[in-house]
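**Student:** Structure provided below as C-alpha cells; questions to follow.
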Amino acid sequence: MTISPSITSPDRRRLRLVGLLPWLFAGAVVGYAILVGGYAATVVSFALIYAVFVTGLNLFMGFAAQVSFGQNAFAAIGGYVSAVLTASHGWSPLPAMALGMTAAVLAAAIIGFPTLRLKGHYLAMGTLAIGLIAYEITVEWQSVTQGYMGISGIPPLSLAGYEVSSDRGQLVMLALVVAGGAFAAARIRRSRFGRALSAVAGSEEAAQALGIDVARYKLMAFLLSAGFAALAGSLFVHVVGFVSPEVFGLHMVIVTFTMLYVGGIGTVAGPLIGALIVSLLPETFRAFKDYQDLAYGAALILLLIYAPRGLASLFSTRGRS
Amino acid sequence: MNLAVATAPGVAAPAPILAATGLSARYGHVQALHPLDIRIGEGELVAVLGPNGAGKSTLLRALMGLVSNAGEVRFRDAPLPRQDVVAVASRGIVLVPEGRGIFGPMSVADNLELGAYRLRDKSEFARRRERVLTLFPRLKERLGQMAGSMSGGEQQMLAIGRALMAGPKVLLLDEPSLGLAPRVTDEILETLGLLNREGLAIVLVEQKAPLALKLAARVYLLSLGRIVAELDPRDITSHDDLAQHYLS
C-alpha cells in the first residue's frame with residue numbers, strides 16, 4: 001500500500017524559508033556594496049550586469065535545455081547600438097537601449113530560425129560561430145565601432161531627467177533590473193509557456209506528440225534570452241561609459257557559463273547567485289597573491305563536486321516533498 | 001516459404017477511423033518500414049505484434065509523423081498531414097511512446113496538465129482530470145510528487161493518463177508492459193480494455209503477444225518492416241501458431 005507523505009505546515013514554512021536564503025544572501029551582498037561603495041560597488045555592479053545576461057541564458061539553456069555559446073553576440077548588439085547612438089549620434093540612453101534590444105531580438109529571430117533546427121553539439125557549434133562572427137564585426141567595422149580602440153564617452157543612464165551616475169545609484173538601479181528579471185523568470189517558470197519549455201527540456205519528441213510546437217517555443221526562449229543579453233550589454237556600456245570588442249568576446253561566454261552552472265542551471269535564483277559568487281570569489285582570494293587563480297580554480301572545482309546542480313539547488317524547495 | 005497475407009474472416013469490419021495506405025518510413029538511408037497498409041476501425045483495439053526490430057515502434061512513429069515517412073494516412077476519411085506531428089496530435093491521435101516519455105523532474109499534476117496542453121476549456125480540463133484520476137487512483141495520491149521518482153508502473157499509468165488528458169480519438173501505445181511487473185501490467189491492460197469498451201480506438205504494440213491477444217479484435221504481425229499477416233486472435237489457439245508466423 002502506498003502512503004503519500006504528508007507535510008505538516010511548519011515543515012512547509014521551513015522549506016519556504018530555505019528557498020528565501022539565496023535571495024537574502026544576494027540582498028546582503030548588494031546592501032553591503034551600497035553601504036561601502038568604491039571598489040566593492042564596482043565589482044557587485046558588474047556581477048549584477050552579468051546576472052541579467054545569465055538570467056536570459058538560463059531561460060534558453062536551463063528552462064528549455066538548449067545550448068547557446070553565442071548569446072554574447074546579442075549582448076554586443078545591445079551594447080554597441082547603445083554606445084553608437086548615444087556617443088556618436090547624441091541619442092538619450094533609454095531609447096538607444098530599447099532600439100538595441102529590438103535589434104538584438106530581430107537578429108536572434110533571423111539567426112534562430114535556421115539555427116535552432118540543429119541539436120546538441122551542432123547547435124553548440126552553430127551558436128559559437130554566431131558569437132565569433134559578432135566579435136569579428138565589432139573589430140572590423142571600424143567606421144562605426146572604432147575597432148579595438150573602442151567607443152568612449154558613453155553617457156550614463158538617465159531616468160526622467162535624473163542621471164544615474166553615482167556608484168550607489170547605479171547599484172540600486174541594477175539591483176532593481178535584476179530583481180525584475182528574476183521575477184519575470186519566476187513567472188515564466190510557472191506559466192503555460194514555462195511548462196511547455198520544461199516539456200521541451202524533458203523530451204522534444206514527447207512534447208511534440210502532445211501537440212506542443214517545439215520549434216516555436218525554442219525560438220521564443222531564444223528571443224527572450226537574446227533580449228536579456230542585449231539589455232545586459234546596454235547596461236554595461238552605460239555603467240562603464242566605454243565599450244570595446246573584448247567586452248563581449250569569448251571570455252564573456254566562459255564566465256557566464258561558469259556563473260550559470262555554479263549558480264544552478266534551471267533554477268530561478270541560480271543566475272544571480274552564480275553571477276555574485278563567480279564575481280566575488282577571485283576578490284576574496286586576492287590575499288593569496290600569486291596563488292589567487294589557483295585558489296579560485298580549486299574553489300570552483302569544490303563547488304561542482306559538492307553542489308553539482310548549482311548552489312541554488314541546495315536551497316531548492318522543488319522535489320523535496 | 002511464402003506466406004500469403006490472410007484477412008481475418010468473420011469479423012464485421014467497422015468503418016476505419018485511421019487508415020494508412022503505402023505508409024513507409026526511413027531513418028536516413030535505412031528503410032525501416034516498407035510500404036504497407038493498415039486500418040484501425042472506429043472503437044477497435046488493434047494489436048501489432050512482431051519480433052524485436054520488426055518496425056513496430058517505427059509504425060507508430062510514422063503514423064504520428066515523428067519519423068520521415070511517405071504514403072497516405074487518412075483520419076476519418078480526411079488526409080492527415082504527414083510530417084507535422086503537432087497537427088496530427090491536435091486531431092486526437094495521441095502516442096504513449098516507448099519508455100513512457102514522461103517529464104521526470106515535473107510533478108504528476110504538471111505532467112497531466114501538459115497532456116491537455118492544447119485544451120483551453122477549464123471545465124473540460126477538470127472533467128478529464130477527474131476521469132484520469134478515477135481510472136488511476138494511484139496518481140491521485142501522488143499529484144504533487146516528482147514524476148521521475150515514481151515506480152515504473154505508476155509512470156506508465158501517468159503516461160497513459162497524460163495521453164488521455166489530450167482527449168484522444170485514437171490512442172497509440174508502444175509497449176506499455178515494458179519493464180513492468182506482471183501484476184501491474186495486468187492492471188494497466190485491464191484499464192486499456194475498459195477504455196476500448198467505452199469506444200476508444202487503440203493501437204497496441206507489444207512484444208508480449210499473449211497479453212495483446214487477450215484484448216485485441218485484430219492483430220497485425222510485423223516482421224522486417226513488412227506486415228506478414230493479419231490475424232483474428234480467436235484463430236490463434238496455441239503458441240505454435242504464432243511462433244510459426246514469427247519464424248516464417
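Please note that chains go A, B, ... in the order of the C-alpha cells, that every chain numbers its residues from 1, and that ligands are numbered from 1 in the order shown.
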Got a sec: who's within 9 Å of stretch 85-96 of chain B, counting only C-alpha atoms, leaving out chain neighbours fewer than 3 positions off, as an MDAnalysis selection string?
**Tutor:** (chainID A and resid 206 208:214) or (chainID B and resid 60:61 63:66 75 80:82 99:101 118 156 159:160 162:164 166:176)
**Student:** Could those selected residues go to a file with C-alpha atoms, as a PDB file, in the first residue's frame?
**Tutor:**
```pdb
ATOM      1  CA  ALA A 206       7.104  13.532 -26.204  1.00  0.00           C
ATOM      2  CA  GLN A 208       5.614  17.224 -29.863  1.00  0.00           C
ATOM      3  CA  ALA A 209       3.402  14.196 -29.523  1.00  0.00           C
ATOM      4  CA  LEU A 210       1.347  16.190 -27.020  1.00  0.00           C
ATOM      5  CA  GLY A 211       0.818  18.899 -29.586  1.00  0.00           C
ATOM      6  CA  ILE A 212       3.418  21.320 -28.233  1.00  0.00           C
ATOM      7  CA  ASP A 213       5.005  23.270 -31.077  1.00  0.00           C
ATOM      8  CA  VAL A 214       8.618  22.583 -30.076  1.00  0.00           C
TER       9      VAL A 214
ATOM     10  CA  LEU B  60       3.534   4.191 -34.583  1.00  0.00           C
ATOM     11  CA  ARG B  61       6.090   6.945 -35.101  1.00  0.00           C
ATOM     12  CA  LEU B  63       1.541   7.312 -38.069  1.00  0.00           C
ATOM     13  CA  MET B  64       2.328  10.305 -35.822  1.00  0.00           C
ATOM     14  CA  GLY B  65       4.751  11.817 -38.328  1.00  0.00           C
ATOM     15  CA  LEU B  66       7.632  11.607 -35.859  1.00  0.00           C
ATOM     16  CA  PHE B  75      -8.205  10.059 -40.264  1.00  0.00           C
ATOM     17  CA  LEU B  80      -3.546  13.689 -42.207  1.00  0.00           C
ATOM     18  CA  PRO B  81      -0.523  15.935 -42.758  1.00  0.00           C
ATOM     19  CA  ARG B  82       2.483  13.648 -42.854  1.00  0.00           C
ATOM     20  CA  GLY B  99       9.816   4.253 -22.352  1.00  0.00           C
ATOM     21  CA  ARG B 100       6.801   6.428 -21.483  1.00  0.00           C
ATOM     22  CA  GLY B 101       8.357   9.826 -22.205  1.00  0.00           C
ATOM     23  CA  ARG B 118      -3.975  22.396 -26.388  1.00  0.00           C
ATOM     24  CA  GLN B 156       3.247   4.127 -17.223  1.00  0.00           C
ATOM     25  CA  ALA B 159       1.976   8.345 -19.409  1.00  0.00           C
ATOM     26  CA  ILE B 160      -1.403   6.878 -20.324  1.00  0.00           C
ATOM     27  CA  ARG B 162      -1.378  12.230 -19.720  1.00  0.00           C
ATOM     28  CA  ALA B 163      -2.358  10.913 -23.152  1.00  0.00           C
ATOM     29  CA  LEU B 164      -5.988  10.681 -22.030  1.00  0.00           C
ATOM     30  CA  ALA B 166      -5.396  15.157 -24.628  1.00  0.00           C
ATOM     31  CA  GLY B 167      -8.843  13.692 -25.294  1.00  0.00           C
ATOM     32  CA  PRO B 168      -7.601  11.113 -27.793  1.00  0.00           C
ATOM     33  CA  LYS B 169      -9.689   9.688 -30.628  1.00  0.00           C
ATOM     34  CA  VAL B 170      -7.007   7.113 -31.333  1.00  0.00           C
ATOM     35  CA  LEU B 171      -4.518   6.037 -28.684  1.00  0.00           C
ATOM     36  CA  LEU B 172      -1.197   4.634 -29.882  1.00  0.00           C
ATOM     37  CA  LEU B 173       0.606   2.614 -27.204  1.00  0.00           C
ATOM     38  CA  ASP B 174       4.192   1.490 -27.593  1.00  0.00           C
ATOM     39  CA  GLU B 175       4.927  -1.482 -25.330  1.00  0.00           C
ATOM     40  CA  PRO B 176       3.166  -0.345 -22.191  1.00  0.00           C
TER      41      PRO B 176
END
```
**Student:** Which neighbours of A:Ile254 fall inside 12 Å, counting only C-alpha atoms, when residues of the same chain fewer than 2 positions from it are skipped, and could you give them as an mmCIF file with C-alpha atoms, in the first residue's frame?
**Tutor:**
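Written out: selection_31.cif:
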```
data_model
loop_
_atom_site.group_PDB
_atom_site.id
_atom_site.type_symbol
_atom_site.label_atom_id
_atom_site.label_comp_id
_atom_site.auth_asym_id
_atom_site.auth_seq_id
_atom_site.Cartn_x
_atom_site.Cartn_y
_atom_site.Cartn_z
ATOM 1 C CA TYR A 50 26.205 39.534 -15.640
ATOM 2 C CA VAL A 54 22.775 34.818 -17.217
ATOM 3 C CA SER A 68 23.997 28.512 -26.980
ATOM 4 C CA PHE A 69 27.609 29.634 -26.966
ATOM 5 C CA GLY A 70 26.656 32.719 -28.904
ATOM 6 C CA GLN A 71 24.458 34.858 -26.655
ATOM 7 C CA ASN A 72 27.383 37.283 -26.312
ATOM 8 C CA LEU A 128 29.552 29.539 -31.126
ATOM 9 C CA GLY A 131 29.430 34.817 -31.216
ATOM 10 C CA PHE A 248 31.637 40.761 -25.453
ATOM 11 C CA GLY A 249 34.285 38.253 -26.520
ATOM 12 C CA LEU A 250 34.774 34.576 -25.762
ATOM 13 C CA HIS A 251 35.729 35.438 -22.208
ATOM 14 C CA MET A 252 32.152 36.524 -21.587
ATOM 15 C CA THR A 256 28.667 33.372 -17.923
ATOM 16 C CA PHE A 257 28.622 29.597 -18.403
ATOM 17 C CA THR A 258 30.551 29.248 -15.157
ATOM 18 C CA MET A 259 28.042 31.510 -13.432
ATOM 19 C CA LEU A 260 25.109 29.533 -14.780
ATOM 20 C CA TYR A 261 26.455 26.169 -13.671
ATOM 21 C CA VAL A 278 31.862 33.889 -9.567
#
```
**Student:** Among stretch 139-307 of chain A, which ones does DSSP place in strand (DSSP E or B), written as a ChimeraX atom specification?
**Tutor:** /A:151-152,158-159,162-163,242-243
**Student:** Produce a file of the selected residues containing N, CA and C atoms, as a compact mmCIF listing (two decimals), in the first residue's frame.
**Tutor:**
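Done, and the output landed in part-v6.txt:
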```txt
# COMPACT_ATOMS: atom_id res chain seq x y z
N ILE A 151 34.69 52.55 -28.12
CA ILE A 151 33.95 53.81 -28.07
C ILE A 151 33.94 54.29 -26.62
N SER A 152 34.33 55.53 -26.43
CA SER A 152 34.29 56.06 -25.06
C SER A 152 33.33 57.24 -25.00
N SER A 158 19.80 57.71 -17.79
CA SER A 158 19.07 58.73 -17.06
C SER A 158 17.59 58.39 -17.09
N LEU A 159 16.98 58.55 -15.94
CA LEU A 159 15.55 58.25 -15.82
C LEU A 159 14.82 59.52 -15.47
N TYR A 162 16.78 62.44 -14.40
CA TYR A 162 17.75 62.22 -13.33
C TYR A 162 18.81 61.26 -13.82
N GLU A 163 20.06 61.68 -13.86
CA GLU A 163 21.14 60.87 -14.38
C GLU A 163 21.68 59.93 -13.30
N PHE A 242 32.27 52.98 -21.55
CA PHE A 242 33.22 52.61 -22.60
C PHE A 242 32.88 51.20 -23.09
N VAL A 243 33.14 50.97 -24.40
CA VAL A 243 32.96 49.62 -24.92
C VAL A 243 34.03 49.32 -25.95
```
**Student:** Could you pull out the alpha helix (DSSP H) residues of stretch 38-237 of chain B from DSSP and send them as a PyMOL selection string?
**Tutor:** chain B and resi 56-64+85-90+108-115+122-135+137-141+152-165+182-197+209-215
**Student:** State, in Å with one decimal place, the distance from atom CA of B:Pro210 to atom CA of B:Arg183.
**Tutor:**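 Atom-to-atom, atom CA of B:Pro210 to atom CA of B:Arg183, that is 14.5 Å.
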**Student:** From the options A:Ala201, A:Val239, A:Ala134, A:Ala179, which residue's atoms come nearest to chain B, counting only C-alpha atoms?
**Tutor:**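 Looking only at the distances to chain B, the closest residue turns out to be A:Ala201.
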**Student:** Find the residues around B:Lys56 up to 8 Å (only C-alpha atoms counted), leave out those fewer than 3 positions away in its own chain, and share them as number ranges by chain.
**Tutor:** B: 48-50, 53, 59-60, 205, 222, 225
**Student:** May I have the residues within 9 Å of stretch 184-186 of chain A as a list in words, using only C-alpha atoms and disregarding those fewer than 6 positions away in the same chain?
**Tutor:** Thr55, Gly56, Asn58, Leu59, Gly194, Thr267, Val268 and Ala269 of chain A
**Student:** Keeping C-alpha atoms, export the residues of the selection given above as a JSON list (two decimals), in the first residue's frame.
**Tutor:**
```json
[["chain", "number", "residue", "atom", "x", "y", "z"],
["A", 55, "THR", "CA", 19.08, 35.08, -16.33],
["A", 56, "GLY", "CA", 18.42, 35.21, -20.07],
["A", 58, "ASN", "CA", 19.10, 30.33, -18.19],
["A", 59, "LEU", "CA", 15.76, 30.70, -19.99],
["A", 194, "GLY", "CA", 7.22, 27.71, -18.88],
["A", 267, "THR", "CA", 16.63, 27.45, -11.14],
["A", 268, "VAL", "CA", 15.27, 30.97, -10.69],
["A", 269, "ALA", "CA", 17.82, 32.19, -8.12]]
```
**Student:** Return the single residue from A:Leu272, A:Leu304, A:Ala287, A:Ala75 that is closest to A:Ala175, with distances computed using only C-alpha atoms.
**Tutor:**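 Using only C-alpha atoms, A:Ala175 sits closest to A:Leu272.
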**Student:** Can you work out which one of A:Glu140, A:Ala196, A:Ile277, A:Val164 has the shortest atom-to-atom distance to A:Val29, counting only C-alpha atoms?
**Tutor:**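 Under the stated criterion, the closest residue is A:Ile277.
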**Student:** Give the answer as one residue: which of B:Ala47, B:Met150, B:Ala78, B:Ala62 has the shortest atom-to-atom distance to B:Gly104, using only C-alpha atoms?
**Tutor:**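 For B:Gly104, the nearest of the candidates is B:Met150.
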**Student:** May I have the residues within 8 Å of A:Gly241 as a PyMOL selection string, using only C-alpha atoms and disregarding those fewer than 2 positions away in the same chain?
**Tutor:** chain A and resi 152-156+236-239+243
**Student:** Leaving out A:Met101 and any residue of its chain fewer than 2 positions from it, which residues lie within 10 Å of it when counting only C-alpha atoms, given as a PyMOL selection string?
**Tutor:** chain A and resi 74-75+77-79+81-82+95-99+103-107+226-234
**Student:** Separation of atom CA of A:Ile137 and atom CA of A:Ser244, in Å?
**Tutor:**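 Going from atom CA of A:Ile137 over to atom CA of A:Ser244 covers 11.6 Å.
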**Student:** What gap, in Å, lies between atom CA of B:Pro35 and atom CA of B:Arg226?
**Tutor:**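 Those two atoms sit 7.6 Å apart.
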